[in-house]
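**Student:** My structure is in coords19.tsv, and what it holds is TSV, C-alpha atoms and all ligand atoms:
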```tsv
chain	number	residue	atom	x	y	z
S	1	MET	CA	36.83	-51.43	-84.67
S	2	LYS	CA	36.23	-48.13	-86.45
S	3	ILE	CA	35.32	-45.01	-84.51
S	4	SER	CA	34.43	-41.78	-86.29
S	5	ILE	CA	34.38	-38.38	-84.67
S	6	ILE	CA	32.36	-35.77	-86.52
S	7	GLY	CA	33.54	-32.30	-85.50
S	8	SER	CA	37.29	-31.82	-85.00
S	9	GLY	CA	37.14	-28.83	-82.69
S	10	ASN	CA	38.26	-28.82	-79.07
S	11	VAL	CA	36.16	-31.74	-77.83
S	12	GLY	CA	36.47	-33.81	-81.02
S	13	SER	CA	40.23	-33.56	-81.40
S	14	LEU	CA	40.94	-34.17	-77.73
S	15	THR	CA	38.62	-37.19	-77.84
S	16	ALA	CA	40.62	-38.45	-80.84
S	17	MET	CA	43.85	-38.03	-78.91
S	18	ARG	CA	42.56	-39.88	-75.86
S	19	LEU	CA	41.10	-42.67	-78.03
S	20	ALA	CA	44.32	-43.02	-80.01
S	21	GLN	CA	46.29	-43.40	-76.82
S	22	GLU	CA	43.85	-46.04	-75.56
S	23	GLY	CA	44.51	-48.03	-78.76
S	24	LEU	CA	40.88	-49.08	-78.98
S	25	ALA	CA	40.18	-48.57	-82.65
S	26	ASP	CA	40.98	-46.97	-85.98
S	27	ILE	CA	39.89	-43.36	-85.75
S	28	ILE	CA	38.40	-41.12	-88.42
S	29	LEU	CA	38.31	-37.41	-87.64
S	30	VAL	CA	35.92	-35.33	-89.75
S	31	ASP	CA	35.19	-31.60	-89.92
S	32	ILE	CA	33.35	-29.38	-92.33
S	33	VAL	CA	36.16	-26.80	-92.27
S	34	LYS	CA	38.68	-27.73	-94.96
S	35	GLY	CA	42.06	-28.69	-93.55
S	36	LEU	CA	41.06	-28.63	-89.88
S	37	ALA	CA	40.69	-32.38	-89.35
S	38	GLN	CA	43.76	-33.00	-91.53
S	39	GLY	CA	45.89	-30.53	-89.59
S	40	ARG	CA	44.87	-31.96	-86.26
S	41	THR	CA	45.46	-35.49	-87.50
S	42	LEU	CA	48.97	-34.74	-88.76
S	43	ASP	CA	49.74	-33.23	-85.37
S	44	LEU	CA	48.34	-36.33	-83.60
S	45	GLU	CA	50.32	-38.62	-85.92
S	46	ASP	CA	53.56	-36.83	-85.10
S	47	ALA	CA	53.19	-37.87	-81.47
S	48	ARG	CA	53.43	-41.57	-82.40
S	49	PRO	CA	57.24	-41.87	-82.42
S	50	ILE	CA	57.42	-39.98	-79.12
S	51	LEU	CA	54.77	-42.16	-77.51
S	52	LYS	CA	56.24	-45.20	-79.28
S	53	TYR	CA	52.80	-46.33	-80.28
S	54	ASN	CA	51.38	-46.78	-83.82
S	55	TYR	CA	47.74	-45.79	-83.57
S	56	ASN	CA	45.73	-45.40	-86.78
S	57	ILE	CA	44.11	-42.05	-87.32
S	58	LYS	CA	42.77	-40.59	-90.54
S	59	ALA	CA	41.21	-37.22	-91.36
S	60	SER	CA	38.65	-36.05	-93.86
S	61	ASP	CA	36.39	-33.15	-94.75
S	62	ASP	CA	34.21	-35.71	-96.51
S	63	ILE	CA	31.68	-37.28	-94.18
S	64	SER	CA	31.38	-40.39	-96.38
S	65	GLU	CA	34.58	-41.60	-94.65
S	66	ILE	CA	32.40	-42.58	-91.66
S	67	LYS	CA	31.01	-45.50	-93.71
S	68	ASN	CA	30.47	-48.67	-91.65
S	69	SER	CA	31.76	-47.14	-88.42
S	70	ASP	CA	31.05	-49.11	-85.25
S	71	ILE	CA	30.80	-46.02	-83.08
S	72	ILE	CA	30.20	-42.41	-84.15
S	73	VAL	CA	30.73	-39.45	-81.85
S	74	ILE	CA	29.04	-36.20	-82.85
S	75	THR	CA	30.88	-33.15	-81.55
S	76	ALA	CA	30.00	-30.91	-84.48
S	77	GLY	CA	28.27	-27.66	-83.77
S	78	LEU	CA	28.51	-24.34	-82.05
S	79	THR	CA	29.46	-23.88	-78.40
S	80	ARG	CA	27.81	-21.61	-75.91
S	81	LYS	CA	29.01	-18.03	-75.69
S	82	PRO	CA	29.14	-16.38	-72.22
S	83	GLY	CA	25.61	-15.72	-71.00
S	84	MET	CA	24.08	-18.00	-73.64
S	85	THR	CA	21.98	-20.95	-72.43
S	86	ARG	CA	22.29	-24.36	-74.03
S	87	GLU	CA	18.72	-24.02	-75.25
S	88	GLU	CA	19.65	-20.91	-77.26
S	89	LEU	CA	21.95	-23.08	-79.30
S	90	LEU	CA	19.03	-25.22	-80.28
S	91	ASN	CA	18.13	-23.95	-83.71
S	92	LYS	CA	21.61	-23.72	-85.22
S	93	ASN	CA	22.88	-27.00	-83.86
S	94	ALA	CA	19.65	-28.80	-84.78
S	95	GLN	CA	20.24	-27.99	-88.46
S	96	ILE	CA	23.84	-29.23	-88.26
S	97	LEU	CA	22.80	-32.42	-86.43
S	98	LYS	CA	20.01	-33.18	-88.85
S	99	GLU	CA	22.33	-33.06	-91.86
S	100	ILE	CA	24.91	-35.25	-90.15
S	101	CYS	CA	22.35	-37.80	-88.94
S	102	LEU	CA	20.87	-38.18	-92.42
S	103	LYS	CA	24.36	-39.19	-93.56
S	104	ILE	CA	24.82	-41.58	-90.63
S	105	LYS	CA	21.48	-43.19	-91.47
S	106	LYS	CA	22.77	-43.94	-94.97
S	107	LEU	CA	26.40	-44.77	-94.26
S	108	ALA	CA	26.59	-46.49	-90.87
S	109	THR	CA	23.26	-48.14	-90.09
S	110	ARG	CA	24.66	-50.42	-87.40
S	111	SER	CA	26.71	-47.84	-85.56
S	112	ILE	CA	26.24	-46.70	-82.00
S	113	VAL	CA	25.90	-42.93	-81.99
S	114	ILE	CA	27.16	-40.85	-79.08
S	115	VAL	CA	25.85	-37.30	-79.23
S	116	VAL	CA	27.82	-34.54	-77.51
S	117	THR	CA	26.56	-31.43	-79.27
S	118	ASN	CA	24.44	-29.15	-77.09
S	119	PRO	CA	21.64	-28.78	-76.14
S	120	LEU	CA	22.48	-32.37	-75.40
S	121	ASP	CA	19.19	-34.09	-74.59
S	122	LEU	CA	17.39	-32.42	-77.48
S	123	MET	CA	20.18	-33.23	-79.94
S	124	THR	CA	20.14	-36.86	-78.75
S	125	TYR	CA	16.39	-37.00	-79.38
S	126	LEU	CA	16.85	-35.45	-82.82
S	127	ALA	CA	19.63	-37.91	-83.71
S	128	LEU	CA	17.40	-40.83	-82.73
S	129	LYS	CA	14.47	-39.56	-84.77
S	130	VAL	CA	16.47	-38.58	-87.87
S	131	THR	CA	18.49	-41.81	-88.03
S	132	GLY	CA	15.45	-43.94	-87.17
S	133	PHE	CA	17.88	-46.20	-85.27
S	134	LYS	CA	16.80	-48.46	-82.41
S	135	ARG	CA	16.81	-46.66	-79.09
S	136	ASN	CA	19.74	-48.65	-77.71
S	137	GLN	CA	21.93	-47.29	-80.54
S	138	VAL	CA	21.69	-43.57	-79.75
S	139	LEU	CA	22.82	-41.96	-76.51
S	140	GLY	CA	24.02	-38.61	-75.27
S	141	MET	CA	27.09	-37.80	-73.17
S	142	GLY	CA	26.12	-35.14	-70.65
S	143	ILE	CA	25.32	-36.25	-67.14
S	144	SER	CA	28.40	-38.44	-66.81
S	145	LEU	CA	30.31	-35.17	-67.04
S	146	ASP	CA	27.95	-33.57	-64.50
S	147	THR	CA	28.44	-36.58	-62.23
S	148	ALA	CA	32.21	-36.17	-62.47
S	149	ARG	CA	31.87	-32.49	-61.64
S	150	PHE	CA	29.72	-33.25	-58.58
S	151	ALA	CA	32.19	-35.92	-57.41
S	152	ASN	CA	35.14	-33.60	-57.95
S	153	LEU	CA	33.56	-30.83	-55.89
S	154	ILE	CA	32.75	-33.25	-53.06
S	155	ALA	CA	36.32	-34.60	-53.13
S	156	LYS	CA	37.74	-31.09	-52.96
S	157	GLU	CA	35.41	-30.09	-50.13
S	158	LEU	CA	36.26	-33.15	-48.02
S	159	ASN	CA	39.88	-33.39	-49.17
S	160	ILE	CA	39.49	-37.07	-50.07
S	161	PRO	CA	40.32	-39.00	-53.27
S	162	ASN	CA	37.82	-38.89	-56.13
S	163	THR	CA	37.95	-42.67	-56.31
S	164	ASP	CA	36.17	-42.95	-52.93
S	165	ILE	CA	33.08	-41.17	-54.26
S	166	GLU	CA	30.10	-42.71	-56.02
S	167	ALA	CA	28.13	-39.68	-57.22
S	168	CYS	CA	24.78	-39.65	-58.97
S	169	VAL	CA	23.27	-37.01	-61.25
S	170	ILE	CA	20.21	-37.44	-63.47
S	171	GLY	CA	18.00	-35.10	-65.53
S	172	THR	CA	18.90	-32.78	-68.35
S	173	HIS	CA	22.43	-31.67	-69.15
S	174	GLY	CA	21.47	-28.07	-68.54
S	175	GLU	CA	19.12	-26.11	-66.36
S	176	GLY	CA	17.13	-29.24	-65.39
S	177	MET	CA	20.15	-31.10	-64.01
S	178	LEU	CA	19.38	-33.07	-60.87
S	179	PRO	CA	22.33	-34.09	-58.67
S	180	LEU	CA	21.03	-36.70	-56.21
S	181	PRO	CA	22.69	-36.54	-52.76
S	182	ARG	CA	20.51	-39.49	-51.59
S	183	PHE	CA	22.18	-41.69	-54.20
S	184	THR	CA	25.65	-40.29	-53.63
S	185	SER	CA	27.97	-42.03	-51.21
S	186	ILE	CA	31.54	-42.12	-50.02
S	187	LYS	CA	32.81	-45.68	-49.68
S	188	GLY	CA	29.18	-46.73	-49.25
S	189	VAL	CA	28.40	-44.14	-46.54
S	190	ALA	CA	25.69	-41.58	-47.36
S	191	LEU	CA	26.88	-38.07	-48.25
S	192	ASP	CA	24.84	-36.46	-45.46
S	193	GLU	CA	26.98	-38.29	-42.89
S	194	PHE	CA	29.86	-36.08	-44.05
S	195	LEU	CA	28.23	-32.77	-44.99
S	196	ASP	CA	25.32	-30.78	-43.62
S	197	ASP	CA	22.33	-29.78	-45.79
S	198	LYS	CA	23.63	-26.26	-46.36
S	199	LYS	CA	26.98	-27.48	-47.66
S	200	ILE	CA	25.34	-30.12	-49.87
S	201	GLU	CA	23.04	-27.46	-51.33
S	202	GLU	CA	26.08	-25.28	-52.06
S	203	LEU	CA	27.81	-28.16	-53.88
S	204	LEU	CA	24.65	-28.92	-55.87
S	205	ASN	CA	24.47	-25.32	-57.03
S	206	LYS	CA	28.16	-25.28	-57.91
S	207	THR	CA	27.74	-28.49	-59.92
S	208	MET	CA	24.82	-27.05	-61.83
S	209	SER	CA	26.67	-23.85	-62.73
S	210	ARG	CA	30.07	-25.46	-63.39
S	211	GLY	CA	29.69	-25.50	-67.20
S	212	LEU	CA	28.74	-21.82	-67.33
S	213	GLU	CA	31.49	-20.92	-64.87
S	214	ILE	CA	34.02	-22.48	-67.26
S	215	VAL	CA	32.43	-20.78	-70.29
S	216	SER	CA	32.62	-17.40	-68.55
S	217	LEU	CA	36.24	-17.86	-67.52
S	218	LEU	CA	37.35	-19.05	-70.96
S	219	GLY	CA	35.55	-16.19	-72.68
S	220	ASN	CA	35.55	-18.19	-75.89
S	221	GLY	CA	34.41	-21.82	-76.18
S	222	SER	CA	33.47	-24.29	-73.49
S	223	ALA	CA	34.99	-27.17	-71.52
S	224	TYR	CA	36.80	-29.96	-73.34
S	225	PHE	CA	39.26	-31.77	-71.06
S	226	ALA	CA	36.63	-33.40	-68.83
S	227	PRO	CA	34.05	-33.81	-71.64
S	228	SER	CA	36.52	-35.74	-73.82
S	229	ALA	CA	37.45	-37.94	-70.85
S	230	ALA	CA	33.74	-38.66	-70.27
S	231	ILE	CA	33.20	-39.55	-73.94
S	232	VAL	CA	36.14	-41.95	-73.97
S	233	SER	CA	35.01	-43.64	-70.75
S	234	ILE	CA	31.63	-44.36	-72.40
S	235	ILE	CA	33.32	-45.64	-75.57
S	236	LYS	CA	35.53	-47.98	-73.55
S	237	VAL	CA	32.53	-49.53	-71.80
S	238	ILE	CA	30.82	-50.13	-75.15
S	239	ALA	CA	33.93	-51.30	-77.04
S	240	LYS	CA	34.94	-53.71	-74.29
S	241	ASP	CA	31.34	-54.78	-73.57
S	242	GLU	CA	31.90	-54.02	-69.90
S	243	LYS	CA	28.18	-53.79	-68.88
S	244	ARG	CA	28.96	-50.90	-66.53
S	245	THR	CA	26.31	-48.44	-65.44
S	246	ILE	CA	26.93	-44.83	-66.47
S	247	GLY	CA	24.62	-41.82	-66.60
S	248	ILE	CA	23.75	-40.96	-70.19
S	249	SER	CA	20.91	-39.33	-72.08
S	250	ALA	CA	18.59	-42.15	-73.17
S	251	TYR	CA	15.23	-42.33	-74.88
S	252	LEU	CA	12.57	-43.09	-72.26
S	253	ASN	CA	9.45	-44.97	-73.20
S	254	GLY	CA	7.61	-45.08	-69.90
S	255	GLU	CA	10.61	-45.46	-67.56
S	256	TYR	CA	10.38	-42.95	-64.69
S	257	GLY	CA	6.83	-42.27	-65.94
S	258	ILE	CA	8.33	-40.34	-68.90
S	259	LYS	CA	7.59	-41.02	-72.56
S	260	ASP	CA	9.12	-39.89	-75.85
S	261	ILE	CA	11.95	-37.82	-74.30
S	262	CYS	CA	15.73	-38.27	-74.13
S	263	ILE	CA	16.98	-37.38	-70.66
S	264	GLY	CA	19.88	-38.33	-68.39
S	265	VAL	CA	19.42	-41.52	-66.38
S	266	PRO	CA	21.77	-44.30	-65.29
S	267	CYS	CA	22.10	-46.98	-67.97
S	268	ARG	CA	23.95	-50.25	-68.24
S	269	LEU	CA	26.14	-50.01	-71.35
S	270	GLY	CA	27.69	-52.76	-73.42
S	271	LYS	CA	28.38	-53.75	-77.01
S	272	GLU	CA	24.74	-53.09	-77.96
S	273	GLY	CA	24.93	-49.54	-76.60
S	274	ILE	CA	22.20	-48.98	-74.00
S	275	GLU	CA	21.48	-52.48	-72.66
S	276	LYS	CA	19.33	-51.51	-69.68
S	277	ILE	CA	17.82	-48.34	-68.28
S	278	ILE	CA	18.19	-48.36	-64.50
S	279	GLU	CA	15.19	-46.96	-62.62
S	280	LEU	CA	16.20	-45.41	-59.30
S	281	ASP	CA	13.66	-45.41	-56.51
S	282	LEU	CA	13.11	-41.64	-56.50
S	283	ASN	CA	11.12	-39.89	-53.76
S	284	LYS	CA	8.28	-37.55	-54.69
S	285	LYS	CA	10.41	-34.40	-54.71
S	286	GLU	CA	13.07	-35.97	-56.94
S	287	GLN	CA	10.48	-37.49	-59.26
S	288	ASP	CA	8.63	-34.16	-59.55
S	289	LYS	CA	11.85	-32.38	-60.51
S	290	LEU	CA	12.70	-35.00	-63.12
S	291	SER	CA	9.17	-34.93	-64.55
S	292	ASN	CA	9.28	-31.12	-64.73
S	293	SER	CA	12.61	-31.21	-66.62
S	294	ALA	CA	11.15	-33.78	-68.98
S	295	ALA	CA	8.09	-31.58	-69.53
S	296	SER	CA	10.34	-28.59	-70.39
S	297	LEU	CA	12.23	-30.76	-72.88
S	298	GLY	CA	8.88	-31.83	-74.33
S	299	GLN	CA	8.09	-28.18	-75.09
S	300	LEU	CA	11.47	-27.62	-76.77
S	301	ILE	CA	11.16	-30.81	-78.84
S	302	LYS	CA	8.37	-29.07	-80.71
S	303	GLN	CA	10.97	-26.61	-82.04
S	304	LEU	CA	13.14	-29.34	-83.55
S	305	PRO	CA	13.17	-29.70	-87.34
S	306	SER	CA	11.13	-32.64	-88.59
K	401	LIG	P1	34.41	-26.35	-81.34
K	401	LIG	O1	35.81	-26.35	-80.87
K	401	LIG	O2	33.84	-25.09	-81.88
K	401	LIG	O3	34.25	-27.50	-82.45
K	401	LIG	C1	33.09	-27.73	-83.16
K	401	LIG	C2	33.52	-28.19	-84.54
K	401	LIG	O4	32.36	-28.64	-85.26
K	401	LIG	C3	34.16	-27.09	-85.38
K	401	LIG	O5	35.47	-27.48	-85.76
K	401	LIG	C4	33.24	-26.98	-86.59
K	401	LIG	O6	33.93	-26.66	-87.80
K	401	LIG	C5	32.64	-28.36	-86.63
K	401	LIG	N1	31.42	-28.47	-87.44
K	401	LIG	C6	30.38	-27.61	-87.52
K	401	LIG	N2	29.48	-28.08	-88.38
K	401	LIG	C7	29.92	-29.26	-88.85
K	401	LIG	C8	29.44	-30.23	-89.75
K	401	LIG	N3	28.26	-30.07	-90.38
K	401	LIG	N4	30.18	-31.33	-90.00
K	401	LIG	C9	31.37	-31.51	-89.40
K	401	LIG	N5	31.90	-30.62	-88.52
K	401	LIG	C10	31.18	-29.52	-88.26
K	401	LIG	O7	33.42	-26.83	-80.18
K	401	LIG	P2	33.71	-27.92	-79.04
K	401	LIG	O8	34.46	-29.03	-79.63
K	401	LIG	O9	34.20	-27.24	-77.83
K	401	LIG	O10	32.19	-28.38	-78.73
K	401	LIG	C11	31.44	-29.07	-79.71
K	401	LIG	C12	29.98	-29.25	-79.26
K	401	LIG	O11	29.96	-30.06	-78.09
K	401	LIG	C13	29.26	-27.94	-78.87
K	401	LIG	O12	27.91	-28.01	-79.24
K	401	LIG	C14	29.37	-27.93	-77.36
K	401	LIG	O13	28.36	-27.16	-76.74
K	401	LIG	C15	29.21	-29.39	-77.06
K	401	LIG	N6	29.75	-29.82	-75.77
K	401	LIG	C16	28.97	-30.61	-75.02
K	401	LIG	C17	29.39	-31.06	-73.80
K	401	LIG	C18	28.52	-31.95	-72.97
K	401	LIG	O14	28.87	-32.29	-71.87
K	401	LIG	C19	27.24	-32.38	-73.52
K	401	LIG	C20	30.66	-30.68	-73.33
K	401	LIG	C21	31.46	-29.89	-74.13
K	401	LIG	C22	30.99	-29.45	-75.38
```
Can you dump the structure from the file as structure tokens?
**Tutor:**
Amino acid sequence: MKISIIGSGNVGSLTAMRLAQEGLADIILVDIVKGLAQGRTLDLEDARPILKYNYNIKASDDISEIKNSDIIVITAGLTRKPGMTREELLNKNAQILKEICLKIKKLATRSIVIVVTNPLDLMTYLALKVTGFKRNQVLGMGISLDTARFANLIAKELNIPNTDIEACVIGTHGEGMLPLPRFTSIKGVALDEFLDDKKIEELLNKTMSRGLEIVSLLGNGSAYFAPSAAIVSIIKVIAKDEKRTIGISAYLNGEYGIKDICIGVPCRLGKEGIEKIIELDLNKKEQDKLSNSAASLGQLIKQLPS
């Protein structure tokens, strides 16, 4: 299997390291900045004798190296600066994504594309449109990270292991994020058996602002440890055809009453990419919030390059 990562910055290079250590595939690391992917790759290679493991990793500043990849991860683009919303990144990253996706369309027609660049749901939509790929082939990593953040905050609050928590977040990876306490449980017991409404509300707000909190603390750049872990967990499900359900940004064509939008929903993933979109039985309040987020994305889609 060949996995290419386009963008060798913080998220891309850490994803390469995690993938290499998983031994899932040959890895190609690409960046537009001359020397960056090569430097990071030499550094990653040097760890092989220490780890006693011969993973294959190659670098290039030439995107044609992605030819015939099975999976392509796009982490190329700018990150948010403190105070900047994901939507403000839209114009610059859309241009970068468009160029990259035109190349993917030519060079790796059968690949599964995992978009990471923000604003995530809009970039996923753009990638799907520019490549012209089938909708199962293009997905965005965003809400699996948000789900992990929600679970982590619950675990810390209750002082219990993360593994006991089944959290659920849908919606946009951004201001329209929708953590769902009704679909979140601890060993099968509903969250509201453990926490009162006020505490749950507090955790929801903390989950929604977690990305910006990290951006503000770092001062330069955004999160990459948890994002790279989330990307690799998606890749593993696809590469091993595990048919597990994970929240990802998927193109909806009537599911949840939403059409022609990429937004975060639970999906069953396997070797074909998105193999099934799972429709949760949302109540009116949840459905209204999701529909409103989708409508806001619909407005922003108009700003995407054609
Ligand atoms: P950073 O460390 O700046 O790396 C981005 C890399 O992309 C840089 O090395 C650039 O040189 C490179 N690049 C820019 N244009 C191109 C191009 N045309 N071809 C190849 N490489 C190019 O950022 P990062 O790794 O921290 O984040 C990368 C992107 O992921 C940003 O848009 C972030 O906002 C986004 N991100 C998303 C999540 C989600 O959960 C969705 C999490 C973390 C980061």
**Student:** Show me which residues line ligand LIG 401 (chain K), defined as having an atom within 7 Å of a ligand atom where all atoms listed in the file count, and present them as a ChimeraX atom specification.
**Tutor:** /S:6-12,30-33,75-80,93,96,99-100,116-120,141-142,145,173,221-224,227
**Student:** Could you save those same residues with C-alpha atoms as a compact mmCIF listing (two decimals), keeping the file's coordinate frame?
**Tutor:**
```
# COMPACT_ATOMS: atom_id res chain seq x y z
CA ILE S 6 32.36 -35.77 -86.52
CA GLY S 7 33.54 -32.30 -85.50
CA SER S 8 37.29 -31.82 -85.00
CA GLY S 9 37.14 -28.83 -82.69
CA ASN S 10 38.26 -28.82 -79.07
CA VAL S 11 36.16 -31.74 -77.83
CA GLY S 12 36.47 -33.81 -81.02
CA VAL S 30 35.92 -35.33 -89.75
CA ASP S 31 35.19 -31.60 -89.92
CA ILE S 32 33.35 -29.38 -92.33
CA VAL S 33 36.16 -26.80 -92.27
CA THR S 75 30.88 -33.15 -81.55
CA ALA S 76 30.00 -30.91 -84.48
CA GLY S 77 28.27 -27.66 -83.77
CA LEU S 78 28.51 -24.34 -82.05
CA THR S 79 29.46 -23.88 -78.40
CA ARG S 80 27.81 -21.61 -75.91
CA ASN S 93 22.88 -27.00 -83.86
CA ILE S 96 23.84 -29.23 -88.26
CA GLU S 99 22.33 -33.06 -91.86
CA ILE S 100 24.91 -35.25 -90.15
CA VAL S 116 27.82 -34.54 -77.51
CA THR S 117 26.56 -31.43 -79.27
CA ASN S 118 24.44 -29.15 -77.09
CA PRO S 119 21.64 -28.78 -76.14
CA LEU S 120 22.48 -32.37 -75.40
CA MET S 141 27.09 -37.80 -73.17
CA GLY S 142 26.12 -35.14 -70.65
CA LEU S 145 30.31 -35.17 -67.04
CA HIS S 173 22.43 -31.67 -69.15
CA GLY S 221 34.41 -21.82 -76.18
CA SER S 222 33.47 -24.29 -73.49
CA ALA S 223 34.99 -27.17 -71.52
CA TYR S 224 36.80 -29.96 -73.34
CA PRO S 227 34.05 -33.81 -71.64
```
**Student:** Skip range 265-274 of chain S itself and residues of its chain fewer than 5 positions away, then list as a PDB file with C-alpha atoms, keeping the file's coordinate frame all residues within 9 Å of it, counting only C-alpha atoms.
**Tutor:**
```
ATOM      1  CA  ILE S 112      26.240 -46.700 -82.000  1.00  0.00           C
ATOM      2  CA  VAL S 113      25.900 -42.930 -81.990  1.00  0.00           C
ATOM      3  CA  ARG S 135      16.810 -46.660 -79.090  1.00  0.00           C
ATOM      4  CA  ASN S 136      19.740 -48.650 -77.710  1.00  0.00           C
ATOM      5  CA  GLN S 137      21.930 -47.290 -80.540  1.00  0.00           C
ATOM      6  CA  VAL S 138      21.690 -43.570 -79.750  1.00  0.00           C
ATOM      7  CA  LEU S 139      22.820 -41.960 -76.510  1.00  0.00           C
ATOM      8  CA  ILE S 143      25.320 -36.250 -67.140  1.00  0.00           C
ATOM      9  CA  SER S 144      28.400 -38.440 -66.810  1.00  0.00           C
ATOM     10  CA  CYS S 168      24.780 -39.650 -58.970  1.00  0.00           C
ATOM     11  CA  VAL S 169      23.270 -37.010 -61.250  1.00  0.00           C
ATOM     12  CA  ILE S 170      20.210 -37.440 -63.470  1.00  0.00           C
ATOM     13  CA  GLY S 171      18.000 -35.100 -65.530  1.00  0.00           C
ATOM     14  CA  THR S 172      18.900 -32.780 -68.350  1.00  0.00           C
ATOM     15  CA  ILE S 234      31.630 -44.360 -72.400  1.00  0.00           C
ATOM     16  CA  VAL S 237      32.530 -49.530 -71.800  1.00  0.00           C
ATOM     17  CA  ILE S 238      30.820 -50.130 -75.150  1.00  0.00           C
ATOM     18  CA  ALA S 239      33.930 -51.300 -77.040  1.00  0.00           C
ATOM     19  CA  LYS S 240      34.940 -53.710 -74.290  1.00  0.00           C
ATOM     20  CA  ASP S 241      31.340 -54.780 -73.570  1.00  0.00           C
ATOM     21  CA  GLU S 242      31.900 -54.020 -69.900  1.00  0.00           C
ATOM     22  CA  LYS S 243      28.180 -53.790 -68.880  1.00  0.00           C
ATOM     23  CA  ARG S 244      28.960 -50.900 -66.530  1.00  0.00           C
ATOM     24  CA  THR S 245      26.310 -48.440 -65.440  1.00  0.00           C
ATOM     25  CA  ILE S 246      26.930 -44.830 -66.470  1.00  0.00           C
ATOM     26  CA  GLY S 247      24.620 -41.820 -66.600  1.00  0.00           C
ATOM     27  CA  ILE S 248      23.750 -40.960 -70.190  1.00  0.00           C
ATOM     28  CA  SER S 249      20.910 -39.330 -72.080  1.00  0.00           C
ATOM     29  CA  ALA S 250      18.590 -42.150 -73.170  1.00  0.00           C
ATOM     30  CA  GLU S 279      15.190 -46.960 -62.620  1.00  0.00           C
ATOM     31  CA  LEU S 280      16.200 -45.410 -59.300  1.00  0.00           C
TER      32      LEU S 280
END
```
**Student:** By how many Å are CA of Lys103 in chain S and CA of Asp62 in chain S apart?
**Tutor:**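 Between CA of Lys103 in chain S and CA of Asp62 in chain S the gap is 10.9 Å.
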**Student:** Write out as an MDAnalysis selection string each polymer residue whose atoms come within 7 Å of Ile57 in chain S, counting all atoms listed in the file; drop sequence neighbours fewer than 3 positions from it.
**Tutor:** chainID S and resid 26:28 41
**Student:** What's the 12 Å shell around Lys187 in chain S, counting all atoms listed in the file, without same-chain residues fewer than 2 positions away, as a list of chain:residue names?
**Tutor:**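 Answer for this query is S:Ile160, S:Pro161, S:Asn162, S:Thr163, S:Asp164, S:Ile165, S:Glu166, S:Ala167, S:Thr184, S:Ser185, S:Val189, S:Ala190, S:Leu191, S:Glu193, S:Phe194.
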**Student:** Would you pick out the contacts of Gly35 in chain S at 8 Å or less, using all atoms listed in the file, so that residues sharing its chain but fewer than 3 positions from it are not included, and give the list as a ChimeraX atom specification?
**Tutor:** /S:38-39,61
**Student:** Which distance in Å separates CA of Leu304 in chain S and CA of Gly132 in chain S, to one decimal?
**Tutor:**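 If I compute the distance from CA of Leu304 in chain S to CA of Gly132 in chain S, I get 15.2 Å.
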**Student:** Fewer than 5 positions away in the same chain doesn't count, so skip those; otherwise give me all residues within 12 Å of Lys105 in chain S, counting only C-alpha atoms, as a ChimeraX atom specification.
**Tutor:** /S:64,66-69,72,97-100,110-113,127-134,137-138
**Student:** S:Gly83, S:Pro179, S:Leu195, S:Met123: which is nearest Gly219 in chain S, counting only C-alpha atoms?
**Tutor:**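 Using only C-alpha atoms, Gly219 in chain S sits closest to S:Gly83.
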**Student:** Here is a test: counting all atoms listed in the file, which residue of S:Asn283, S:Ser293, S:Ser228, S:Ser216 is nearest to Cys262 in chain S?
**Tutor:**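 For Cys262 in chain S, the nearest of the given residues is S:Ser293.
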**Student:** For Gly211 in chain S, which residue among S:Ala294, S:Met177, S:Leu19, S:Val73 is the nearest when counting all atoms listed in the file?
**Tutor:**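 Comparing S:Ala294, S:Met177, S:Leu19, S:Val73 against Gly211 in chain S, the winner is S:Met177.
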**Student:** Just give me the gap between CA of Lys236 in chain S and CA of Leu107 in chain S in Å, one decimal is fine.
**Tutor:**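 Between CA of Lys236 in chain S and CA of Leu107 in chain S the gap works out to 22.9 Å.
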**Student:** Kindly list the centre and edge lengths in Å, rounded to one decimal, for the axis-aligned box that covers all listed atoms of range 174-179 of chain S plus 5 Å on each of its six sides, as JSON.
**Tutor:**
```
{"center_x": 19.7, "center_y": -30.1, "center_z": -63.6, "size_x": 15.2, "size_y": 18.0, "size_z": 19.9}
```
